[in-house]
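Dumped start_36.cif below, it's mmCIF, C-alpha atoms:
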```
data_upload
#
loop_
_atom_site.label_atom_id
_atom_site.label_comp_id
_atom_site.auth_asym_id
_atom_site.auth_seq_id
_atom_site.Cartn_x
_atom_site.Cartn_y
_atom_site.Cartn_z
CA MET B 1 -57.48 -104.18 -131.35
CA GLU B 2 -55.40 -102.00 -133.61
CA ASP B 3 -51.65 -102.29 -133.60
CA ASP B 4 -50.17 -99.56 -131.39
CA ALA B 5 -46.85 -99.58 -133.25
CA GLU B 6 -45.70 -96.06 -134.10
CA VAL B 7 -46.13 -95.15 -137.74
CA ILE B 8 -43.53 -92.80 -139.21
CA PRO B 9 -45.25 -89.92 -140.98
CA PRO B 10 -44.64 -89.93 -144.73
CA VAL B 11 -42.76 -86.59 -144.67
CA GLU B 12 -40.39 -87.76 -141.94
CA GLY B 13 -39.87 -91.01 -143.79
CA LEU B 14 -38.88 -89.24 -146.99
CA LEU B 15 -36.55 -86.94 -145.06
CA SER B 16 -34.92 -89.93 -143.41
CA GLN B 17 -34.40 -91.61 -146.79
CA LYS B 18 -32.82 -88.45 -148.22
CA LEU B 19 -30.47 -88.16 -145.25
CA ASN B 20 -29.48 -91.81 -145.61
CA ARG B 21 -28.77 -91.35 -149.32
CA ARG B 22 -26.72 -88.24 -148.57
CA ASP B 23 -24.67 -90.10 -145.94
CA THR B 24 -24.13 -92.99 -148.34
CA MET B 25 -23.01 -90.61 -151.08
CA LYS B 26 -20.61 -88.88 -148.70
CA GLU B 27 -19.14 -92.24 -147.65
CA ASN B 28 -18.67 -93.21 -151.30
CA VAL B 29 -16.91 -89.93 -152.05
CA MET B 30 -14.67 -90.23 -148.99
CA ALA B 31 -13.74 -93.74 -150.12
CA LEU B 32 -12.20 -92.31 -153.30
CA PRO B 33 -8.43 -91.84 -153.47
CA LYS B 34 -7.26 -88.48 -152.14
CA GLU B 35 -6.13 -87.42 -155.61
CA ALA B 36 -9.62 -88.04 -157.04
CA ARG B 37 -11.20 -86.03 -154.22
CA ASN B 38 -8.80 -83.12 -154.83
CA LEU B 39 -9.62 -83.31 -158.54
CA LEU B 40 -13.34 -83.12 -157.77
CA ALA B 41 -12.98 -80.32 -155.21
CA GLY B 42 -10.71 -78.29 -157.48
CA GLY B 43 -12.98 -78.70 -160.48
CA LEU B 44 -16.10 -77.60 -158.59
CA ALA B 45 -14.24 -74.64 -157.03
CA GLY B 46 -13.08 -73.47 -160.43
CA MET B 47 -16.57 -73.74 -161.92
CA VAL B 48 -18.09 -71.64 -159.14
CA ALA B 49 -15.41 -68.94 -159.41
CA LYS B 50 -15.45 -68.69 -163.21
CA SER B 51 -19.24 -68.57 -163.44
CA ILE B 52 -19.38 -65.60 -161.09
CA VAL B 53 -16.82 -63.51 -163.01
CA ALA B 54 -17.75 -64.72 -166.54
CA PRO B 55 -19.38 -61.45 -167.73
CA LEU B 56 -16.30 -59.42 -166.75
CA ASP B 57 -14.07 -62.01 -168.37
CA ARG B 58 -15.88 -61.82 -171.69
CA ILE B 59 -15.70 -58.01 -171.83
CA LYS B 60 -12.01 -58.10 -170.90
CA ILE B 61 -11.20 -60.53 -173.74
CA MET B 62 -13.10 -58.35 -176.23
CA TYR B 63 -10.89 -55.41 -175.29
CA GLN B 64 -7.68 -57.45 -175.32
CA VAL B 65 -8.10 -58.55 -178.94
CA THR B 66 -8.95 -55.10 -180.38
CA SER B 67 -7.34 -51.67 -180.46
CA ALA B 68 -10.19 -50.02 -178.55
CA HIS B 69 -9.01 -47.84 -175.68
CA PHE B 70 -10.00 -49.40 -172.36
CA ARG B 71 -11.78 -47.27 -169.79
CA LEU B 72 -13.27 -48.85 -166.70
CA ARG B 73 -16.23 -46.47 -166.76
CA ASN B 74 -17.24 -47.86 -170.17
CA VAL B 75 -17.66 -51.42 -168.88
CA PRO B 76 -21.30 -51.04 -167.73
CA GLY B 77 -22.16 -49.54 -171.13
CA VAL B 78 -20.48 -52.45 -172.92
CA ALA B 79 -22.42 -54.94 -170.82
CA SER B 80 -25.65 -53.07 -171.53
CA ARG B 81 -25.03 -53.12 -175.29
CA ILE B 82 -24.27 -56.84 -175.23
CA VAL B 83 -27.57 -57.51 -173.44
CA LYS B 84 -29.47 -55.25 -175.86
CA GLU B 85 -27.99 -56.70 -179.07
CA GLU B 86 -27.43 -60.34 -178.11
CA GLY B 87 -29.56 -61.01 -175.05
CA PHE B 88 -28.79 -61.30 -171.33
CA SER B 89 -27.30 -64.79 -171.66
CA ALA B 90 -24.67 -63.38 -174.05
CA LEU B 91 -22.83 -62.01 -171.01
CA TRP B 92 -21.96 -65.66 -170.37
CA LYS B 93 -21.08 -66.31 -174.05
CA GLY B 94 -18.40 -69.00 -174.11
CA ASN B 95 -19.08 -69.91 -170.47
CA SER B 96 -20.25 -73.43 -171.40
CA ALA B 97 -16.83 -73.89 -173.02
CA THR B 98 -15.29 -72.39 -169.90
CA MET B 99 -17.09 -74.91 -167.68
CA ILE B 100 -16.01 -77.80 -169.92
CA ARG B 101 -12.45 -76.52 -169.66
CA VAL B 102 -12.31 -75.23 -166.09
CA PHE B 103 -13.41 -78.42 -164.34
CA PRO B 104 -10.46 -80.49 -165.58
CA TYR B 105 -8.13 -77.44 -165.60
CA SER B 106 -8.80 -76.37 -162.02
CA GLY B 107 -9.18 -79.96 -160.82
CA ILE B 108 -5.85 -81.07 -162.32
CA GLN B 109 -4.14 -77.93 -161.01
CA PHE B 110 -5.24 -78.47 -157.41
CA MET B 111 -4.64 -82.22 -157.59
CA VAL B 112 -1.08 -81.87 -158.95
CA PHE B 113 -0.21 -79.09 -156.49
CA HIS B 114 -1.33 -81.11 -153.47
CA LYS B 115 0.39 -84.23 -154.81
CA CYS B 116 3.63 -82.24 -155.07
CA LYS B 117 2.98 -80.76 -151.63
CA THR B 118 2.60 -84.25 -150.15
CA HIS B 119 5.82 -85.32 -151.92
CA TYR B 120 7.78 -82.45 -150.38
CA LEU B 121 6.28 -82.97 -146.91
CA ASN B 122 7.21 -86.66 -146.98
CA LYS B 123 10.83 -85.62 -147.55
CA HIS B 124 10.78 -83.43 -144.42
CA ASP B 125 11.32 -84.71 -140.91
CA ARG B 126 8.50 -84.42 -138.38
CA ASP B 127 9.62 -81.04 -136.98
CA GLN B 128 9.84 -79.51 -140.46
CA ARG B 129 6.35 -80.74 -141.41
CA ILE B 130 4.85 -78.47 -138.76
CA HIS B 131 5.98 -75.46 -140.79
CA GLY B 132 4.67 -76.88 -144.07
CA ILE B 133 6.44 -76.59 -147.41
CA SER B 134 8.87 -73.74 -148.07
CA PRO B 135 8.09 -70.77 -150.38
CA LEU B 136 10.42 -72.25 -153.02
CA GLU B 137 8.66 -75.61 -152.83
CA SER B 138 5.29 -73.86 -153.11
CA LEU B 139 6.53 -71.97 -156.17
CA MET B 140 7.82 -75.13 -157.87
CA ALA B 141 4.68 -77.14 -157.05
CA GLY B 142 2.38 -74.35 -158.23
CA SER B 143 4.31 -73.79 -161.47
CA PHE B 144 4.35 -77.50 -162.30
CA ALA B 145 0.64 -77.81 -161.52
CA GLY B 146 -0.10 -74.88 -163.83
CA VAL B 147 1.92 -76.31 -166.74
CA VAL B 148 0.29 -79.75 -166.49
CA SER B 149 -3.23 -78.31 -166.34
CA VAL B 150 -2.62 -75.98 -169.31
CA ILE B 151 -1.23 -78.72 -171.56
CA CYS B 152 -4.14 -81.04 -170.72
CA THR B 153 -6.89 -78.48 -171.38
CA TYR B 154 -5.46 -75.92 -173.83
CA PRO B 155 -7.68 -76.75 -176.87
CA LEU B 156 -10.72 -76.00 -174.67
CA ASP B 157 -9.23 -72.66 -173.56
CA LEU B 158 -8.56 -71.73 -177.20
CA THR B 159 -12.15 -72.54 -178.14
CA ARG B 160 -13.53 -70.56 -175.22
CA ALA B 161 -11.48 -67.46 -176.10
CA GLN B 162 -12.64 -67.60 -179.71
CA LEU B 163 -16.29 -67.98 -178.70
CA ALA B 164 -15.98 -64.96 -176.41
CA VAL B 165 -15.17 -62.59 -179.31
CA LEU B 166 -17.68 -64.00 -181.81
CA LYS B 167 -21.10 -62.37 -181.78
CA LYS B 168 -23.88 -64.63 -180.60
CA LYS B 169 -26.27 -65.80 -183.31
CA LYS B 170 -29.98 -65.58 -182.50
CA SER B 171 -30.41 -69.10 -183.84
CA GLY B 172 -27.79 -70.38 -181.40
CA GLY B 173 -25.80 -72.74 -183.64
CA ILE B 174 -23.44 -72.44 -186.60
CA GLY B 175 -24.04 -74.59 -189.66
CA GLY B 176 -26.34 -76.83 -187.66
CA GLN B 177 -23.64 -77.49 -185.04
CA HIS B 178 -23.23 -76.29 -181.48
CA PRO B 179 -20.89 -73.24 -181.54
CA PHE B 180 -18.41 -74.94 -179.20
CA VAL B 181 -18.20 -78.06 -181.37
CA TYR B 182 -18.00 -75.99 -184.56
CA VAL B 183 -15.10 -73.81 -183.36
CA LEU B 184 -13.19 -76.75 -181.87
CA THR B 185 -13.48 -78.90 -185.00
CA SER B 186 -12.67 -75.93 -187.27
CA ASN B 187 -9.42 -75.36 -185.38
CA TYR B 188 -8.46 -78.99 -185.97
CA LYS B 189 -9.50 -78.99 -189.65
CA ASN B 190 -7.60 -75.79 -190.39
CA GLY B 191 -4.41 -76.54 -188.50
CA GLY B 192 -4.41 -80.15 -187.34
CA VAL B 193 -3.18 -80.85 -183.81
CA LYS B 194 -0.99 -77.74 -184.05
CA GLY B 195 -4.14 -75.69 -184.69
CA LEU B 196 -5.55 -76.81 -181.34
CA PHE B 197 -2.52 -75.38 -179.54
CA ARG B 198 -2.01 -72.00 -181.24
CA GLY B 199 -0.80 -69.45 -178.68
CA ILE B 200 0.28 -72.09 -176.15
CA PHE B 201 3.87 -70.79 -175.90
CA PRO B 202 3.01 -67.45 -174.23
CA THR B 203 0.44 -69.34 -172.16
CA LEU B 204 3.12 -71.66 -170.78
CA LEU B 205 5.50 -68.75 -170.19
CA GLY B 206 2.75 -66.96 -168.32
CA ILE B 207 1.46 -69.91 -166.31
CA LEU B 208 4.85 -70.68 -164.77
CA PRO B 209 5.02 -67.49 -162.68
CA TYR B 210 1.22 -67.03 -162.61
CA SER B 211 0.33 -70.35 -161.03
CA GLY B 212 3.53 -70.49 -159.00
CA ILE B 213 3.02 -67.05 -157.43
CA ALA B 214 -0.70 -67.62 -156.81
CA PHE B 215 -0.23 -70.94 -155.00
CA THR B 216 2.82 -69.64 -153.10
CA ILE B 217 1.12 -66.54 -151.69
CA ASN B 218 -2.04 -68.46 -150.83
CA GLU B 219 -0.19 -71.40 -149.24
CA GLN B 220 2.34 -69.32 -147.30
CA GLY B 221 -0.31 -66.83 -146.18
CA LYS B 222 -2.49 -69.56 -144.67
CA ARG B 223 0.55 -71.24 -143.13
CA LYS B 224 1.64 -67.94 -141.54
CA ILE B 225 -1.79 -67.55 -139.93
CA GLN B 226 -1.59 -71.12 -138.58
CA ASN B 227 1.87 -70.56 -137.09
CA VAL B 228 1.15 -67.14 -135.58
CA PHE B 229 -2.34 -67.81 -134.15
CA ASP B 230 -1.99 -71.60 -133.66
CA ARG B 231 -5.27 -72.31 -135.46
CA ASP B 232 -6.60 -72.90 -138.96
CA PRO B 233 -7.42 -69.77 -140.99
CA THR B 234 -11.06 -68.69 -140.99
CA ASN B 235 -12.97 -68.55 -144.29
CA ILE B 236 -12.58 -64.74 -144.31
CA GLU B 237 -8.81 -65.10 -143.90
CA LYS B 238 -8.74 -67.71 -146.68
CA ILE B 239 -10.63 -65.30 -148.94
CA GLN B 240 -8.08 -62.57 -148.16
CA CYS B 241 -5.14 -64.88 -148.93
CA GLY B 242 -6.74 -65.95 -152.20
CA ALA B 243 -7.54 -62.36 -153.22
CA LEU B 244 -3.96 -61.23 -152.55
CA SER B 245 -2.53 -64.14 -154.53
CA GLY B 246 -4.80 -63.38 -157.50
CA LEU B 247 -3.95 -59.67 -157.48
CA PHE B 248 -0.18 -60.20 -157.62
CA ALA B 249 -0.17 -63.21 -159.96
CA GLN B 250 -2.46 -61.72 -162.62
CA THR B 251 -0.83 -58.27 -162.63
CA LEU B 252 2.71 -59.63 -163.06
CA THR B 253 1.78 -61.93 -165.96
CA TYR B 254 -0.87 -59.76 -167.67
CA PRO B 255 1.18 -58.80 -170.79
CA LEU B 256 1.56 -62.49 -171.65
CA GLU B 257 -2.18 -63.02 -171.23
CA VAL B 258 -2.93 -60.21 -173.72
CA THR B 259 -0.41 -61.71 -176.15
CA ARG B 260 -1.93 -65.19 -176.00
CA ARG B 261 -5.46 -63.84 -176.47
CA ARG B 262 -4.27 -62.03 -179.58
CA MET B 263 -2.69 -65.18 -180.95
CA GLN B 264 -5.78 -67.24 -180.16
CA THR B 265 -8.22 -64.91 -181.94
CA ILE B 266 -6.21 -63.60 -184.91
CA GLY B 267 -8.28 -64.13 -188.05
CA LEU B 268 -11.58 -64.28 -186.16
CA VAL B 269 -11.99 -60.54 -185.67
CA PRO B 270 -9.89 -57.59 -186.86
CA THR B 271 -8.19 -55.56 -184.14
CA CYS B 272 -10.05 -52.47 -185.31
CA GLY B 273 -12.46 -51.33 -187.99
CA GLY B 274 -16.15 -51.98 -188.49
CA ASP B 275 -16.04 -55.69 -187.66
CA ALA B 276 -13.89 -55.48 -184.53
CA ALA B 277 -15.40 -57.16 -181.48
CA VAL B 278 -15.66 -54.03 -179.37
CA ASN B 279 -16.57 -51.76 -182.28
CA ALA B 280 -19.71 -53.85 -182.72
CA LEU B 281 -20.70 -52.39 -179.36
CA GLY B 282 -20.22 -48.84 -180.64
CA ILE B 283 -17.21 -47.68 -178.64
CA LEU B 284 -14.14 -48.34 -180.79
CA LYS B 285 -11.78 -45.47 -181.43
CA THR B 286 -8.26 -45.78 -182.79
CA THR B 287 -5.55 -43.37 -183.84
CA ASN B 288 -4.07 -45.91 -186.24
CA PRO B 289 -6.45 -46.56 -189.17
CA ASP B 290 -4.02 -49.03 -190.73
CA ALA B 291 -3.95 -51.24 -187.64
CA VAL B 292 -6.69 -53.42 -189.10
CA ASN B 293 -4.27 -54.53 -191.81
CA HIS B 294 -1.87 -55.95 -189.28
CA VAL B 295 -3.81 -59.21 -189.02
CA PRO B 296 -5.46 -61.46 -191.57
CA GLN B 297 -9.21 -61.01 -192.03
CA ASN B 298 -10.04 -64.64 -192.78
CA SER B 299 -12.99 -66.41 -191.18
CA LEU B 300 -12.97 -69.69 -189.29
CA GLU B 301 -13.65 -71.63 -192.50
CA ARG B 302 -10.33 -70.51 -194.03
CA LYS B 303 -6.85 -71.43 -193.02
CA ARG B 304 -5.09 -68.77 -190.98
CA HIS B 305 -1.43 -67.94 -190.71
CA THR B 306 -0.68 -67.68 -186.99
CA PRO B 307 2.14 -65.21 -186.28
CA THR B 308 4.80 -66.01 -183.74
CA MET B 309 4.70 -64.72 -180.20
CA GLY B 310 7.42 -62.16 -180.96
CA LEU B 311 5.63 -60.87 -184.06
CA THR B 312 2.33 -60.62 -182.18
CA MET B 313 3.98 -58.56 -179.44
CA ARG B 314 5.72 -56.26 -181.95
CA ARG B 315 2.45 -55.63 -183.78
CA LEU B 316 0.63 -54.93 -180.54
CA TYR B 317 3.35 -52.48 -179.47
CA ALA B 318 3.29 -50.72 -182.87
CA GLU B 319 -0.49 -50.47 -182.70
CA GLN B 320 -1.03 -49.38 -179.09
CA GLY B 321 2.33 -48.92 -177.38
CA ILE B 322 3.19 -50.33 -173.97
CA ARG B 323 -0.34 -49.55 -172.71
CA GLY B 324 -1.69 -52.21 -175.06
CA PHE B 325 -0.05 -54.93 -172.97
CA PHE B 326 -1.95 -53.81 -169.87
CA LYS B 327 -5.34 -53.09 -171.46
CA GLY B 328 -8.08 -54.22 -169.11
CA VAL B 329 -5.70 -54.83 -166.19
CA THR B 330 -7.83 -52.60 -163.93
CA MET B 331 -10.78 -54.91 -164.62
CA ASN B 332 -8.52 -57.80 -163.64
CA TRP B 333 -7.87 -56.09 -160.32
CA MET B 334 -11.57 -56.56 -159.63
CA LYS B 335 -12.07 -59.93 -161.31
CA GLY B 336 -8.82 -61.65 -160.35
CA PRO B 337 -8.99 -61.31 -156.55
CA VAL B 338 -12.67 -62.29 -156.58
CA ALA B 339 -12.08 -65.39 -158.73
CA PHE B 340 -9.00 -66.53 -156.80
CA SER B 341 -10.50 -65.95 -153.37
CA ILE B 342 -13.62 -67.91 -154.32
CA SER B 343 -11.66 -70.70 -155.98
CA PHE B 344 -9.17 -71.27 -153.15
CA THR B 345 -11.79 -70.90 -150.41
CA VAL B 346 -14.39 -73.17 -152.05
CA PHE B 347 -11.68 -75.77 -152.65
CA ASP B 348 -10.67 -75.71 -148.97
CA ILE B 349 -14.31 -76.01 -147.85
CA ILE B 350 -15.06 -78.95 -150.17
CA GLN B 351 -11.75 -80.62 -149.33
CA ASP B 352 -12.50 -80.35 -145.60
CA LEU B 353 -15.93 -81.92 -146.15
CA MET B 354 -14.39 -84.87 -148.00
CA GLU B 355 -11.44 -85.43 -145.65
CA THR B 356 -11.33 -88.60 -143.59
CA ASP B 357 -10.74 -88.47 -139.82
CA VAL B 358 -7.25 -89.90 -140.33
CA GLU B 359 -6.34 -87.19 -142.85
CA LYS B 360 -7.63 -84.48 -140.54
CA SER B 361 -5.53 -85.78 -137.63
CA LEU B 362 -2.41 -85.94 -139.81
CA ARG B 363 -2.99 -82.40 -141.08
CA HIS B 364 -3.23 -81.00 -137.53
CA ARG B 365 -0.11 -82.69 -136.21
#
```

Structure re-expressed in structure tokens:
Amino acid sequence: MEDDAEVIPPVEGLLSQKLNRRDTMKENVMALPKEARNLLAGGLAGMVAKSIVAPLDRIKIMYQVTSAHFRLRNVPGVASRIVKEEGFSALWKGNSATMIRVFPYSGIQFMVFHKCKTHYLNKHDRDQRIHGISPLESLMAGSFAGVVSVICTYPLDLTRAQLAVLKKKKSGGIGGQHPFVYVLTSNYKNGGVKGLFRGIFPTLLGILPYSGIAFTINEQGKRKIQNVFDRDPTNIEKIQCGALSGLFAQTLTYPLEVTRRRMQTIGLVPTCGGDAAVNALGILKTTNPDAVNHVPQNSLERKRHTPTMGLTMRRLYAEQGIRGFFKGVTMNWMKGPVAFSISFTVFDIIQDLMETDVEKSLRHR
């Protein structure tokens, strides 16, 4: 007589094994220190956000480093020309460098902010903890988190900006090397450690208010919703808080972003003329034909003299006036809120998934 024991169908058995592996993986992740989980959540959130807005980011950088007049209606045409001349994947040119940079950058930023947030909350008494950290504490924590993340990942940001303005080769590499490796090593060979950090001063000046304002508006907005409605914000409300924080933070610090992009790419492409990044797309017009002489025309293989932040800003003003410092800001009004809302919301979702029951109970006290 055959054994009547129930046999689990193969499909159900495989599904059960996958579920068990998923549960085991989740337990292993939840066993990590909170800082490591915040690093992971922040890194993944940043990668998702940056990948979605990468095409807009590349076009914006191309405008920032040239004297071409920016018009929002020209953006679809620019994207179309990039696809036609370099291929569809060229819209994400430099995005591999962005991913290499953004995971540690975003991860460190979120990790440091929440470490500072925990530090401030531990200094409060129990009644004060209900209201969370103050706007000033949010500003200080966000600014410090931004500075730490920039210093740790700046050479990668420099490489990514330079890749964004260089035209994509059909063969893919440069001198037998991956473009990212080639540009990064060239920066070091031409300028040593200092060459890896060219343009960092305006970046640090910009990140202090940029990161501080973004984290403050997002943190205080979500806290206000919790206090008024006595519940956690919904994902839609988190998206709105993130979008608002991105809009204000990026607009207020935009002139410093343009300045740092100029400093990062000087010597790679002229600001105008036949070899300018945007002129290669057939739309460059300038009223100052001598502007191209304002920057050196050397290639990556030659040493470049990097002007100071003040000199870069004076040249930009002489070339384009005050409007030059806000070129592409309207594109940022689309890109910034989208990127910030996705980043903050995805971080909160991943963080909630990795929180332990004890951490959840402490957070809702």

Shortest contact to Ile225 (chain B), candidates B:Ile200, B:Ile59, B:Cys241, B:Ile213, atoms counted all atoms listed in the file, goes to B:Cys241

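Within 6 Å of Phe340 (chain B), once all atoms listed in the file are used and residues closer than 6 positions along the same chain are dropped, the contacting residues are Gly242, Ala243 and Gly246 of chain B.
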
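If you measure from each of B:Ser341, B:Ser149, B:Thr356, B:Thr265 to Thr66 (chain B) using only C-alpha atoms, the closest one turns out to be B:Thr265.
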
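Of the listed residues B:Leu256, B:Val53, B:Ile349, B:Leu208, the one whose atoms come nearest to Pro337 (chain B) is B:Val53, with distances taken using all atoms listed in the file.
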
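Excluding Cys116 (chain B) and any residue on its chain fewer than 4 positions from it, the residues at most 7 Å away by all atoms listed in the file are B:Val112, B:Tyr120, B:Ala141.
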
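Nearest to Ala45 (chain B) of all the residues B:Gln264, B:Asn187, B:Gln226, B:Ser106 is B:Ser106, counting only C-alpha atoms.
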
In terms of all atoms listed in the file, the residue from B:Gly199, B:Pro179, B:Pro233, B:Gly87 at minimal distance from Arg261 (chain B) is B:Gly199

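Of the residues under consideration (B:Phe144, B:Phe110, B:Trp333, B:Phe88), B:Phe144 shows the shortest atom-to-atom contact distance to Pro209 (chain B) when counting only C-alpha atoms.
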
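Using only C-alpha atoms, the set of residues no farther than 7 Å from the position (-19.1, -58.6, -170.7) comprises Pro55, Leu56, Asp57, Arg58, Ile59, Val78, Ala79 and Leu91 of chain B.
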
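Note that the spacing between CA of Phe215 (chain B) and CA of Asp357 (chain B) amounts to 25.5 Å.
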
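Note that the spacing between CA of Phe326 (chain B) and CA of Cys152 (chain B) amounts to 27.3 Å.
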
### Task
Write out as an NGL selection string which residues come within 10 Å of Glu355 (chain B) when counting only C-alpha atoms, dropping same-chain ones fewer than 4 positions away.
:B and (29-31 or 34 or 37-38 or 350-351 or 359-361)

Output of the above residues as a PDB file, in the coordinates of the input, restricted to C-alpha atoms:
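Writing the result to out_39.pdb gives the following:
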```
ATOM      1  CA  VAL B  29     -16.910 -89.930-152.050  1.00  0.00           C
ATOM      2  CA  MET B  30     -14.670 -90.230-148.990  1.00  0.00           C
ATOM      3  CA  ALA B  31     -13.740 -93.740-150.120  1.00  0.00           C
ATOM      4  CA  LYS B  34      -7.260 -88.480-152.140  1.00  0.00           C
ATOM      5  CA  ARG B  37     -11.200 -86.030-154.220  1.00  0.00           C
ATOM      6  CA  ASN B  38      -8.800 -83.120-154.830  1.00  0.00           C
ATOM      7  CA  ILE B 350     -15.060 -78.950-150.170  1.00  0.00           C
ATOM      8  CA  GLN B 351     -11.750 -80.620-149.330  1.00  0.00           C
ATOM      9  CA  GLU B 359      -6.340 -87.190-142.850  1.00  0.00           C
ATOM     10  CA  LYS B 360      -7.630 -84.480-140.540  1.00  0.00           C
ATOM     11  CA  SER B 361      -5.530 -85.780-137.630  1.00  0.00           C
TER      12      SER B 361
END
```

Would you list the contacts of Ala97 (chain B) as a compact mmCIF listing (two decimals) with C-alpha atoms, in the frame of the given file, taking every protein, DNA or RNA residue within 8 Å and counting all atoms listed in the file, but skipping same-chain residues closer than 5 positions in sequence?
```txt
# COMPACT_ATOMS: atom_id res chain seq x y z
CA LEU B 156 -10.72 -76.00 -174.67
CA ASP B 157 -9.23 -72.66 -173.56
CA THR B 159 -12.15 -72.54 -178.14
CA ARG B 160 -13.53 -70.56 -175.22
CA PHE B 180 -18.41 -74.94 -179.20
```

Compile the contact shell of Leu139 (chain B) as a compact mmCIF listing (two decimals) with C-alpha atoms, in the frame of the given file: residues with an atom at most 12 Å away, counting all atoms listed in the file, same-chain residues fewer than 2 positions apart removed.
```txt
# COMPACT_ATOMS: atom_id res chain seq x y z
CA PHE B 113 -0.21 -79.09 -156.49
CA CYS B 116 3.63 -82.24 -155.07
CA LYS B 117 2.98 -80.76 -151.63
CA ILE B 133 6.44 -76.59 -147.41
CA SER B 134 8.87 -73.74 -148.07
CA PRO B 135 8.09 -70.77 -150.38
CA LEU B 136 10.42 -72.25 -153.02
CA GLU B 137 8.66 -75.61 -152.83
CA ALA B 141 4.68 -77.14 -157.05
CA GLY B 142 2.38 -74.35 -158.23
CA SER B 143 4.31 -73.79 -161.47
CA PHE B 144 4.35 -77.50 -162.30
CA ALA B 145 0.64 -77.81 -161.52
CA GLY B 146 -0.10 -74.88 -163.83
CA ILE B 207 1.46 -69.91 -166.31
CA LEU B 208 4.85 -70.68 -164.77
CA PRO B 209 5.02 -67.49 -162.68
CA TYR B 210 1.22 -67.03 -162.61
CA SER B 211 0.33 -70.35 -161.03
CA GLY B 212 3.53 -70.49 -159.00
CA ILE B 213 3.02 -67.05 -157.43
CA ALA B 214 -0.70 -67.62 -156.81
CA PHE B 215 -0.23 -70.94 -155.00
CA THR B 216 2.82 -69.64 -153.10
CA ILE B 217 1.12 -66.54 -151.69
CA ASN B 218 -2.04 -68.46 -150.83
CA GLU B 219 -0.19 -71.40 -149.24
CA GLN B 220 2.34 -69.32 -147.30
CA ALA B 249 -0.17 -63.21 -159.96
```

Using all atoms of region 325-341 of chain B listed in the file and a margin of 5 Å per side, can you give the axis-aligned box centre and edge lengths in Å to one decimal, as AutoDock Vina command-line options?
```
--center_x -6.4 --center_y -59.6 --center_z -163.2 --size_x 22.6 --size_y 23.9 --size_z 29.6
```

Task: Result set of the PyMOL selection byres ((chain B and resi 48) around 12) on the coordinates above, as a PyMOL selection string - done: chain B and resi 41-47+49-54+95+98-99+102-103+106+338-347+350
